[in-house]
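Colleague: I'm passing along protein_39.cif; it holds mmCIF, C-alpha atoms.
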data_work
loop_
_atom_site.label_atom_id
_atom_site.label_comp_id
_atom_site.auth_asym_id
_atom_site.auth_seq_id
_atom_site.Cartn_x
_atom_site.Cartn_y
_atom_site.Cartn_z
CA MET A 8 -7.57 14.11 16.88
CA SER A 9 -11.03 12.56 16.64
CA ASP A 10 -11.46 8.81 17.08
CA VAL A 11 -12.66 8.31 13.53
CA LYS A 12 -10.07 8.47 10.77
CA LYS A 13 -10.72 8.71 7.06
CA PHE A 14 -9.38 5.52 5.48
CA LEU A 15 -8.84 5.44 1.75
CA TYR A 16 -8.04 2.15 0.05
CA VAL A 17 -6.34 2.91 -3.25
CA ASN A 18 -6.61 0.18 -5.88
CA ARG A 19 -4.40 0.58 -8.94
CA LYS A 20 -3.91 -3.02 -10.00
CA ALA A 21 -5.96 -5.38 -12.15
CA PRO A 22 -7.46 -8.54 -10.60
CA TYR A 23 -6.17 -12.15 -10.92
CA GLY A 24 -2.73 -11.47 -12.47
CA THR A 25 -1.58 -10.63 -8.95
CA ILE A 26 -3.21 -11.14 -5.56
CA TYR A 27 -3.27 -7.47 -4.53
CA ALA A 28 -6.91 -6.82 -5.50
CA LEU A 29 -8.21 -9.82 -3.55
CA GLU A 30 -6.09 -9.18 -0.46
CA SER A 31 -7.02 -5.50 -0.57
CA LEU A 32 -10.67 -6.48 -0.42
CA GLU A 33 -9.92 -8.69 2.59
CA VAL A 34 -8.50 -5.66 4.43
CA VAL A 35 -11.57 -3.61 3.55
CA LEU A 36 -13.92 -6.30 4.93
CA ILE A 37 -11.97 -6.61 8.21
CA GLY A 38 -11.50 -2.83 8.44
CA ALA A 39 -15.25 -2.26 8.16
CA ALA A 40 -15.66 -3.57 11.72
CA PHE A 41 -13.57 -0.71 13.11
CA GLU A 42 -16.20 1.96 12.44
CA GLN A 43 -13.88 4.31 10.62
CA ASP A 44 -14.83 6.50 7.66
CA VAL A 45 -14.03 4.19 4.73
CA ALA A 46 -13.75 4.92 1.02
CA LEU A 47 -12.28 2.96 -1.86
CA ALA A 48 -10.54 4.51 -4.86
CA PHE A 49 -10.13 2.75 -8.20
CA LEU A 50 -7.78 4.25 -10.75
CA ASP A 51 -5.31 3.14 -13.39
CA ASP A 52 -5.63 -0.65 -13.86
CA GLY A 53 -7.61 -0.82 -10.60
CA VAL A 54 -10.77 0.03 -12.57
CA PHE A 55 -10.57 -3.45 -14.14
CA GLN A 56 -11.46 -4.90 -10.72
CA LEU A 57 -15.02 -3.65 -11.09
CA THR A 58 -15.87 -4.84 -14.59
CA LYS A 59 -18.96 -7.00 -15.19
CA GLY A 60 -18.93 -10.57 -16.41
CA GLN A 61 -15.79 -11.90 -14.72
CA ASN A 62 -15.61 -15.68 -15.04
CA THR A 63 -12.62 -17.38 -13.46
CA GLU A 64 -13.76 -20.99 -13.96
CA GLU A 65 -11.02 -21.91 -16.39
CA ILE A 66 -8.14 -20.30 -14.49
CA GLY A 67 -9.03 -22.13 -11.28
CA MET A 68 -9.17 -19.03 -9.09
CA LYS A 69 -11.99 -17.75 -6.95
CA ASN A 70 -14.06 -15.05 -8.63
CA PHE A 71 -14.15 -12.34 -5.96
CA SER A 72 -16.05 -9.83 -8.05
CA PRO A 73 -19.37 -10.66 -6.28
CA THR A 74 -17.73 -9.68 -2.98
CA PHE A 75 -17.66 -6.04 -4.13
CA ARG A 76 -21.45 -6.15 -4.38
CA ALA A 77 -21.60 -7.20 -0.73
CA LEU A 78 -19.64 -4.15 0.42
CA GLY A 79 -22.86 -2.21 0.94
CA ASP A 80 -23.80 -4.72 3.64
CA TYR A 81 -20.57 -3.80 5.40
CA ASP A 82 -21.60 -0.16 5.33
CA VAL A 83 -18.96 0.72 2.73
CA GLN A 84 -20.74 3.45 0.82
CA LYS A 85 -18.08 5.14 -1.29
CA LEU A 86 -16.35 3.48 -4.22
CA TYR A 87 -14.72 6.26 -6.23
CA VAL A 88 -13.80 5.33 -9.80
CA GLU A 89 -11.69 7.65 -11.91
CA ARG A 90 -13.33 8.61 -15.20
CA GLU A 91 -10.06 9.23 -17.06
CA SER A 92 -8.77 5.77 -16.08
CA LEU A 93 -11.98 4.22 -17.45
CA GLU A 94 -11.81 6.17 -20.71
CA GLU A 95 -8.12 5.42 -21.29
CA ARG A 96 -9.06 1.73 -21.09
CA GLY A 97 -12.07 1.99 -23.39
CA LEU A 98 -14.53 1.51 -20.52
CA SER A 99 -17.55 3.41 -19.31
CA GLU A 100 -19.70 3.23 -16.19
CA ASP A 101 -21.98 0.74 -18.03
CA ASP A 102 -19.16 -1.80 -18.03
CA LEU A 103 -19.01 -1.81 -14.23
CA ILE A 104 -20.87 -4.01 -11.74
CA GLU A 105 -23.53 -2.42 -9.57
CA VAL A 106 -22.79 -1.86 -5.91
CA VAL A 107 -25.53 -0.42 -3.70
CA TYR A 108 -25.87 0.50 -0.07
CA GLU A 109 -28.88 1.35 2.08
CA ASP A 110 -28.92 4.97 3.20
CA GLU A 111 -30.07 5.04 6.82
CA ASP A 112 -30.66 8.80 6.62
CA ASP A 113 -33.05 8.33 3.71
CA ASP A 114 -35.44 5.59 4.92
CA TRP A 115 -32.91 2.88 3.92
CA ALA A 116 -33.27 3.72 0.24
CA GLU A 117 -30.88 1.78 -1.99
CA LYS A 118 -28.26 4.05 -3.51
CA PRO A 119 -25.34 3.42 -5.86
CA ALA A 120 -22.00 3.19 -4.05
CA ILE A 121 -19.93 3.54 -7.21
CA ARG A 122 -19.23 7.17 -7.99
CA VAL A 123 -17.39 7.97 -11.20
CA ILE A 124 -15.34 11.11 -10.60
CA SER A 125 -12.74 13.12 -12.50
CA ARG A 126 -8.99 12.88 -11.95
CA ALA A 127 -9.03 16.26 -10.22
CA GLU A 128 -11.78 15.07 -7.88
CA MET A 129 -9.77 11.91 -7.21
CA SER A 130 -6.84 14.11 -6.14
CA ASP A 131 -9.18 15.84 -3.70
CA VAL A 132 -10.41 12.52 -2.29
CA MET A 133 -6.80 11.44 -1.73
CA ALA A 134 -5.83 14.74 -0.14
CA GLU A 135 -8.70 14.48 2.35
CA ALA A 136 -7.75 11.03 3.66
CA ASP A 137 -6.05 10.49 7.01
CA VAL A 138 -4.77 7.04 6.11
CA ILE A 139 -4.03 5.75 2.63
CA LEU A 140 -3.64 2.02 2.13
CA SER A 141 -2.19 1.31 -1.31
CA PHE A 142 -2.65 -1.92 -3.19
CA MET B 2 -2.17 19.76 4.71
CA SER B 3 0.11 17.97 2.27
CA THR B 4 1.12 14.50 1.17
CA LEU B 5 4.41 12.68 0.74
CA HIS B 6 4.11 10.38 -2.25
CA THR B 7 6.58 7.52 -2.69
CA VAL B 8 7.27 5.91 -6.05
CA ASN B 9 9.40 2.76 -6.25
CA LYS B 10 9.16 1.89 -9.95
CA SER B 11 11.09 3.13 -12.94
CA PRO B 12 8.87 5.43 -15.03
CA PHE B 13 10.11 3.52 -18.08
CA ALA B 14 8.48 0.35 -16.71
CA THR B 15 5.18 1.49 -15.18
CA GLN B 16 2.80 4.45 -15.04
CA ALA B 17 3.23 4.89 -11.28
CA LEU B 18 5.32 8.08 -11.39
CA VAL B 19 3.18 9.78 -14.04
CA SER B 20 -0.02 8.77 -12.27
CA CYS B 21 1.40 10.04 -8.98
CA LEU B 22 2.39 13.39 -10.50
CA ASN B 23 -1.05 13.69 -12.12
CA HIS B 24 -2.67 13.39 -8.67
CA ALA B 25 -0.20 15.31 -6.52
CA LYS B 26 -1.27 18.72 -5.20
CA PRO B 27 0.85 21.85 -5.06
CA GLY B 28 2.92 21.68 -1.88
CA ASP B 29 3.14 17.88 -1.94
CA ALA B 30 6.44 16.03 -2.16
CA VAL B 31 7.35 13.04 -4.31
CA LEU B 32 10.16 10.78 -3.12
CA MET B 33 11.51 8.32 -5.67
CA ILE B 34 12.99 5.20 -4.06
CA GLU B 35 14.31 1.82 -5.26
CA ASP B 36 13.91 1.60 -9.07
CA GLY B 37 11.88 4.80 -8.81
CA VAL B 38 15.12 6.81 -8.69
CA TYR B 39 15.43 6.46 -12.48
CA GLY B 40 12.54 8.94 -12.63
CA GLY B 41 14.84 11.63 -11.27
CA LEU B 42 17.35 11.47 -14.11
CA GLY B 43 18.05 14.39 -16.39
CA GLY B 44 18.31 13.98 -20.15
CA THR B 45 15.64 11.31 -20.49
CA GLY B 46 12.44 11.31 -22.52
CA LEU B 47 10.54 12.13 -19.34
CA THR B 48 12.77 14.83 -17.88
CA ASP B 49 10.79 17.76 -19.32
CA ILE B 50 7.53 16.45 -17.89
CA ILE B 51 9.07 15.83 -14.49
CA VAL B 52 10.76 19.23 -14.33
CA GLU B 53 7.43 20.84 -15.23
CA PHE B 54 5.65 19.06 -12.35
CA GLY B 55 8.58 20.06 -10.14
CA LYS B 56 7.40 23.67 -10.29
CA ASN B 57 4.50 22.80 -7.93
CA VAL B 58 5.70 19.64 -6.22
CA SER B 59 9.00 19.01 -4.43
CA LEU B 60 10.92 16.15 -6.05
CA TYR B 61 13.36 13.94 -4.15
CA VAL B 62 15.31 10.76 -4.79
CA LEU B 63 16.64 8.42 -2.14
CA SER B 64 20.43 8.82 -2.40
CA PRO B 65 21.39 5.30 -1.20
CA ASP B 66 19.26 3.82 -4.01
CA LEU B 67 20.79 6.27 -6.47
CA ALA B 68 24.34 5.37 -5.44
CA ALA B 69 23.57 1.63 -5.58
CA ARG B 70 22.60 2.07 -9.21
CA GLY B 71 25.78 3.97 -10.05
CA ILE B 72 24.08 7.27 -10.71
CA ASP B 73 26.00 10.39 -9.81
CA ALA B 74 23.90 13.14 -8.24
CA GLY B 75 25.10 15.36 -11.09
CA ARG B 76 22.91 13.32 -13.45
CA LEU B 77 19.71 14.37 -11.68
CA ALA B 78 17.21 16.60 -13.44
CA PRO B 79 17.11 20.24 -12.31
CA GLY B 80 15.07 20.62 -9.12
CA VAL B 81 15.44 16.99 -8.04
CA GLU B 82 17.12 16.70 -4.65
CA GLY B 83 18.83 13.67 -3.08
CA VAL B 84 18.01 12.68 0.51
CA GLY B 85 19.22 9.89 2.79
CA TYR B 86 17.02 7.66 4.95
CA ASP B 87 17.11 10.35 7.64
CA GLY B 88 15.70 12.77 5.06
CA PHE B 89 13.04 10.18 4.14
CA VAL B 90 11.96 10.08 7.80
CA ASP B 91 11.85 13.88 7.95
CA LEU B 92 9.68 14.01 4.83
CA VAL B 93 7.25 11.51 6.37
CA THR B 94 6.89 13.59 9.51
CA LYS B 95 6.72 16.93 7.68
CA HIS B 96 3.77 15.90 5.51
CA ASP B 97 0.37 14.91 6.87
CA ARG B 98 0.09 11.55 5.15
CA THR B 99 2.14 9.22 3.04
CA GLN B 100 0.84 7.60 -0.12
CA ALA B 101 2.74 4.77 -1.80
CA TRP B 102 2.31 4.42 -5.56
CA LEU B 103 3.07 0.74 -5.88
CA MET C 27 5.94 10.88 16.31
CA LYS C 28 4.40 7.40 15.98
CA ILE C 29 5.02 5.80 12.61
CA GLY C 30 3.42 2.54 11.48
CA VAL C 31 4.98 0.55 8.65
CA LEU C 32 3.39 -1.88 6.19
CA VAL C 33 5.59 -4.32 4.25
CA SER C 34 3.72 -5.75 1.27
CA GLU C 35 6.41 -7.61 -0.62
CA GLY C 36 8.64 -10.60 0.05
CA PRO C 37 12.38 -10.64 0.77
CA TYR C 38 15.20 -10.84 -1.78
CA THR C 39 13.06 -10.67 -4.96
CA HIS C 40 12.01 -7.12 -4.12
CA GLU C 41 13.83 -4.35 -2.30
CA ALA C 42 10.76 -3.50 -0.21
CA ALA C 43 11.74 -5.40 2.95
CA ASP C 44 15.24 -3.86 2.82
CA SER C 45 13.91 -0.33 2.29
CA ALA C 46 11.45 -0.79 5.14
CA TYR C 47 14.20 -2.03 7.46
CA LYS C 48 16.45 0.93 6.63
CA PHE C 49 13.54 3.32 7.06
CA VAL C 50 12.53 1.92 10.46
CA THR C 51 16.16 2.01 11.66
CA ALA C 52 16.44 5.66 10.61
CA ALA C 53 13.10 6.56 12.20
CA LEU C 54 14.13 5.00 15.52
CA ALA C 55 17.53 6.73 15.35
CA ALA C 56 15.75 10.07 14.88
CA GLY C 57 13.82 9.46 18.10
CA HIS C 58 10.49 8.47 16.58
CA GLU C 59 8.40 5.54 17.75
CA VAL C 60 7.74 2.62 15.44
CA PRO C 61 5.34 0.58 17.55
CA ARG C 62 4.50 -1.97 14.89
CA VAL C 63 5.45 -3.25 11.45
CA PHE C 64 2.76 -5.23 9.64
CA PHE C 65 3.67 -7.82 7.01
CA TYR C 66 1.09 -8.52 4.32
CA HIS C 67 0.87 -10.14 0.85
CA ASP C 68 4.25 -11.84 0.11
CA GLY C 69 5.72 -9.67 2.88
CA VAL C 70 4.81 -12.52 5.27
CA ASN C 71 7.69 -14.52 3.75
CA VAL C 72 10.13 -12.24 5.58
CA ALA C 73 9.12 -14.10 8.74
CA THR C 74 10.34 -17.61 7.90
CA ARG C 75 13.09 -18.79 10.21
CA LEU C 76 14.17 -21.34 7.59
CA SER C 77 15.80 -18.80 5.27
CA VAL C 78 19.53 -19.50 4.79
CA PRO C 79 21.07 -16.77 2.61
CA PRO C 80 24.79 -16.97 1.67
CA GLN C 81 26.99 -15.71 4.51
CA ASP C 82 28.21 -12.66 2.64
CA GLU C 83 24.63 -11.47 2.07
CA ARG C 84 22.38 -9.62 4.49
CA HIS C 85 20.03 -11.85 6.46
CA ILE C 86 16.72 -10.05 6.13
CA GLN C 87 14.74 -12.09 8.66
CA ARG C 88 17.53 -11.92 11.25
CA ASN C 89 17.84 -8.15 10.82
CA TRP C 90 14.15 -7.75 11.63
CA THR C 91 14.34 -10.16 14.58
CA THR C 92 17.24 -8.17 16.04
CA LEU C 93 15.36 -4.92 15.53
CA ALA C 94 12.33 -6.34 17.37
CA LYS C 95 14.50 -7.44 20.29
CA GLU C 96 16.49 -4.23 20.60
CA HIS C 97 13.72 -1.73 20.05
CA GLY C 98 10.55 -3.60 21.02
CA VAL C 99 9.02 -3.21 17.57
CA ASP C 100 5.95 -5.44 17.27
CA LEU C 101 6.38 -7.47 14.07
CA VAL C 102 2.96 -8.75 13.02
CA VAL C 103 2.37 -11.18 10.18
CA CYS C 104 -1.11 -11.37 8.67
CA ILE C 105 -2.62 -14.77 9.43
CA ALA C 106 -4.67 -15.12 6.23
CA ALA C 107 -1.74 -14.16 4.00
CA ALA C 108 0.63 -16.34 6.06
CA GLN C 109 -1.52 -19.45 5.86
CA ARG C 110 -1.76 -19.15 2.08
CA ARG C 111 2.02 -18.98 1.85
CA GLY C 112 2.97 -21.56 4.46
CA ILE C 113 4.15 -19.36 7.32
CA LEU C 114 2.99 -21.02 10.55
CA ASP C 115 3.65 -20.51 14.23
CA GLU C 116 3.74 -23.45 16.65
CA ASN C 117 0.06 -23.35 17.54
CA GLU C 118 -1.10 -23.01 13.97
CA ALA C 119 1.20 -25.81 12.75
CA LYS C 120 -0.30 -28.13 15.38
CA ARG C 121 -3.82 -27.06 14.59
CA GLN C 122 -3.29 -27.68 10.87
CA GLY C 123 -1.52 -31.00 11.48
CA LYS C 124 1.79 -29.85 9.97
CA ASP C 125 5.09 -31.46 10.99
CA THR C 126 6.86 -28.17 11.63
CA ASP C 127 6.38 -24.48 12.23
CA ASN C 128 8.60 -21.81 10.70
CA LEU C 129 7.81 -18.45 12.27
CA ALA C 130 11.01 -16.67 13.28
CA GLU C 131 11.61 -15.22 16.73
CA GLY C 132 10.39 -11.67 17.18
CA PHE C 133 7.44 -12.10 14.80
CA ARG C 134 3.88 -12.98 15.73
CA ILE C 135 0.94 -14.03 13.61
CA SER C 136 -2.31 -12.16 14.00
CA GLY C 137 -5.27 -10.80 12.07
CA LEU C 138 -5.69 -7.92 9.65
CA GLY C 139 -7.34 -5.99 12.46
CA GLN C 140 -3.80 -5.32 13.71
CA LEU C 141 -3.09 -3.40 10.51
CA ILE C 142 -6.20 -1.26 10.91
CA GLU C 143 -5.45 -0.73 14.60
CA MET C 144 -1.90 0.34 13.74
CA ALA C 145 -3.21 2.84 11.21
CA ILE C 146 -5.63 4.25 13.79
CA GLN C 147 -3.08 4.50 16.58
CA THR C 148 -0.10 5.94 14.68
CA ASP C 149 0.42 9.41 13.22
CA ARG C 150 1.75 8.16 9.87
CA LEU C 151 1.57 4.97 7.85
CA VAL C 152 4.42 4.22 5.45
CA THR C 153 4.02 1.41 2.94
CA PHE C 154 6.77 -0.55 1.20
CA GLY C 155 5.74 -2.93 -1.54
CA ASP C 156 5.89 -3.69 -5.21
#
As structure tokens, how would this structure be written, given the file I've shared?

Modeller:
Amino acid sequence: MSDVKKFLYVNRKAPYGTIYALESLEVVLIGAAFEQDVALAFLDDGVFQLTKGQNTEEIGMKNFSPTFRALGDYDVQKLYVERESLEERGLSEDDLIEVVYEDEDDDWAEKPAIRVISRAEMSDVMAEADVILSF
Amino acid sequence: MSTLHTVNKSPFATQALVSCLNHAKPGDAVLMIEDGVYGGLGGTGLTDIIVEFGKNVSLYVLSPDLAARGIDAGRLAPGVEGVGYDGFVDLVTKHDRTQAWL
Amino acid sequence: MKIGVLVSEGPYTHEAADSAYKFVTAALAAGHEVPRVFFYHDGVNVATRLSVPPQDERHIQRNWTTLAKEHGVDLVVCIAAAQRRGILDENEAKRQGKDTDNLAEGFRISGLGQLIEMAIQTDRLVTFGD
């Protein structure tokens, strides 16, 4: 087996109501230092983690939504979002925050890290992972 | 290459089982544990859907969780098989990865 | 085969810690290696030595401690999750100026890197949570 494994972090829960989204992100940030092949998947209520305009002032919790935008700096380049999950919740790609990374193979051009894919494509992404961490 | 999916929630409470089945590939296995075992019941509003998925995906329930909840194996939907913890371990090793649908 | 286990939910409220314990016991009995179990989210609460369940109930923490002793399973509690929830070892209690520590024998507190490392070094990762 090669030294690099494909890690897939699967996010299926909405933010703030429970801590899973925040603590999932903490694993991703630590895991980035291990130089594995990392991808994040957002489906079901997990897509709510990426919506724009989150303001947690009046619930007294930290707004961790800006941390997603920093993922590019950690060389996390693949955030797969399931289209069907968005549509079922009345959302589209326009409702999501922007996350970009710099592509070292393309003169460090900024590229979108969020990739909206179909449910069938999401199944493929899951089936290609070596390790699936579920939150 | 195949996946063992685990589901630990009743399908009458959350979408986990349906979402899992919608993403499972032919040749995968789904093991229902804890409150997930209610997903393996026959004669429910979901049985037809689950039996249909069972044509491509192997369906299992964890027998100790089934017994704890007072469900006789005879109540399981056609194609759903009971396994013990030893069977759970075998399923983990037989498939290439395990995905928990929490 | 090497199997890593992640426990993401606390004891008693959820079945996760019980299921994980039964699974690990069965895996060891079948001759597999379970080098490490990682406790995250409310799963860190499994590691408090101050839990006193009624005598006719299973003692979840003690079961895990015994498993660690008898089979050398490395029980690792995530430090960030543990600090949020008040699970402290002796060093950390001193460092934070607390009057007691509460980490049970057989558990150790360490970083999330131990979870990633476990996933890299084992053949399978099995997660128990909510």

Colleague: Each residue of chain B with at least one atom at most 7 Å from chain C should appear once, together with its nearest atom pair and the corresponding distance in Å (one decimal); atoms considered: only C-alpha atoms; ordering: chain, then increasing residue number; output as a tab-separated table.

Modeller:
residue	atom	partner	partner_atom	distance
B:Glu35	CA	C:Glu41	CA	6.9
B:Tyr86	CA	C:Phe49	CA	5.9
B:Asp87	CA	C:Ala52	CA	5.6
B:Val90	CA	C:Ala53	CA	5.7
B:Arg98	CA	C:Arg150	CA	6.0
B:Thr99	CA	C:Val152	CA	6.0
B:Ala101	CA	C:Thr153	CA	5.9
B:Leu103	CA	C:Asp156	CA	5.3

Colleague: Apply the PyMOL selection byres ((chain B) within 12 of (chain A)) to the displayed file and report the matching residues as an MDAnalysis selection string.

Modeller: chainID B and resid 2:8 15:29 96:103

Colleague: Chain A residues within 7 Å of chain C, counting all atoms listed in the file: which ones, as a list in words?

Modeller: Lys12, Val34, Ile37, Gly38 and Val138 of chain A

Colleague: Which is closer to C:Gln87 than all the others in C:Ala130, C:Val60, C:Leu114, C:Val33, using only C-alpha atoms?

Modeller: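 Of the candidates, the smallest distance to C:Gln87 is held by C:Ala130.
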
Colleague: Please measure the separation of atom CA of B:Val58 and atom CA of A:Ala46, giving the value in Å to one decimal.

Modeller: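 Distance between the two atoms: 25.4 Å.
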
Colleague: Could you check how far atom CA of A:Asp44 sits from atom CA of A:Val11, in Å to one decimal?

Modeller: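 Separation of atom CA of A:Asp44 and atom CA of A:Val11: 6.5 Å.
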
Colleague: Might you spell out which residues the PyMOL selection byres ((chain B and resi 46-50) around 12) would select in the displayed file, as a PyMOL selection string?

Modeller: chain B and resi 11-13+16+18-19+22-23+39-45+51-56+76-81

Colleague: If you apply the PyMOL selection byres ((chain C and resi 75) around 8) to this file, what residues do you get, as a ChimeraX atom specification?

Modeller: /C:73-74,76-77,87,128-131

Colleague: Selected residues, C-alpha atoms, written as a JSON list (two decimals), keeping the file's coordinate frame, please.

Modeller:
[["chain", "number", "residue", "atom", "x", "y", "z"],
["C", 73, "ALA", "CA", 9.12, -14.10, 8.74],
["C", 74, "THR", "CA", 10.34, -17.61, 7.90],
["C", 76, "LEU", "CA", 14.17, -21.34, 7.59],
["C", 77, "SER", "CA", 15.80, -18.80, 5.27],
["C", 87, "GLN", "CA", 14.74, -12.09, 8.66],
["C", 128, "ASN", "CA", 8.60, -21.81, 10.70],
["C", 129, "LEU", "CA", 7.81, -18.45, 12.27],
["C", 130, "ALA", "CA", 11.01, -16.67, 13.28],
["C", 131, "GLU", "CA", 11.61, -15.22, 16.73]]

Colleague: Could you please determine the separation between atom CA of A:Ala48 and atom CA of A:Leu15 in Å, to one decimal place?

Modeller: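 Computing it gives 6.9 Å between the two atoms.
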
Colleague: So which residues fall inside 12 Å of (-26.9, -0.3, -4.4) if we count only C-alpha atoms? Mind giving them as a list in words?

Modeller: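 Checking each residue against the 12 Å limit leaves Phe75, Arg76, Ala77, Leu78, Gly79, Asp80, Asp82, Val83, Gln84, Lys85, Leu86, Ile104, Glu105, Val106, Val107, Tyr108, Glu109, Asp110, Trp115, Ala116, Glu117, Lys118, Pro119, Ala120, Ile121 and Arg122 of chain A.
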
Colleague: With C-alpha atoms kept, could you save the residues just selected as an mmCIF file, keeping the file's coordinate frame?

Modeller:
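So the final result, stored in out.cif, reads:
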data_model
loop_
_atom_site.group_PDB
_atom_site.id
_atom_site.type_symbol
_atom_site.label_atom_id
_atom_site.label_comp_id
_atom_site.auth_asym_id
_atom_site.auth_seq_id
_atom_site.Cartn_x
_atom_site.Cartn_y
_atom_site.Cartn_z
ATOM 1 C CA PHE A 75 -17.660 -6.040 -4.130
ATOM 2 C CA ARG A 76 -21.450 -6.150 -4.380
ATOM 3 C CA ALA A 77 -21.600 -7.200 -0.730
ATOM 4 C CA LEU A 78 -19.640 -4.150 0.420
ATOM 5 C CA GLY A 79 -22.860 -2.210 0.940
ATOM 6 C CA ASP A 80 -23.800 -4.720 3.640
ATOM 7 C CA ASP A 82 -21.600 -0.160 5.330
ATOM 8 C CA VAL A 83 -18.960 0.720 2.730
ATOM 9 C CA GLN A 84 -20.740 3.450 0.820
ATOM 10 C CA LYS A 85 -18.080 5.140 -1.290
ATOM 11 C CA LEU A 86 -16.350 3.480 -4.220
ATOM 12 C CA ILE A 104 -20.870 -4.010 -11.740
ATOM 13 C CA GLU A 105 -23.530 -2.420 -9.570
ATOM 14 C CA VAL A 106 -22.790 -1.860 -5.910
ATOM 15 C CA VAL A 107 -25.530 -0.420 -3.700
ATOM 16 C CA TYR A 108 -25.870 0.500 -0.070
ATOM 17 C CA GLU A 109 -28.880 1.350 2.080
ATOM 18 C CA ASP A 110 -28.920 4.970 3.200
ATOM 19 C CA TRP A 115 -32.910 2.880 3.920
ATOM 20 C CA ALA A 116 -33.270 3.720 0.240
ATOM 21 C CA GLU A 117 -30.880 1.780 -1.990
ATOM 22 C CA LYS A 118 -28.260 4.050 -3.510
ATOM 23 C CA PRO A 119 -25.340 3.420 -5.860
ATOM 24 C CA ALA A 120 -22.000 3.190 -4.050
ATOM 25 C CA ILE A 121 -19.930 3.540 -7.210
ATOM 26 C CA ARG A 122 -19.230 7.170 -7.990
#

Colleague: From the list A:Gln61, A:Ser72, A:Leu103, A:Val54, which residue is nearest A:Glu91 when using all atoms listed in the file?

Modeller: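 Of the candidates, the smallest distance to A:Glu91 is held by A:Val54.
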
Colleague: Would you pick out the contacts of stretch 64-69 of chain B at 7 Å or less, using all atoms listed in the file, so that residues sharing its chain but fewer than 3 positions from it are not included, and give the list as a ChimeraX atom specification?

Modeller: /B:34-35,38,72-73,83-85

Colleague: Give me the residues near C:Gln109 as a list in words, where near means some atom within 10 Å (using all atoms listed in the file) and where sequence neighbours in that chain fewer than 5 positions away do not count.

Modeller: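 Final neighbour list, sorted by chain and number: Val70, Cys104, Leu114, Asp115, Glu118, Ala119, Gln122 and Ile135 of chain C.
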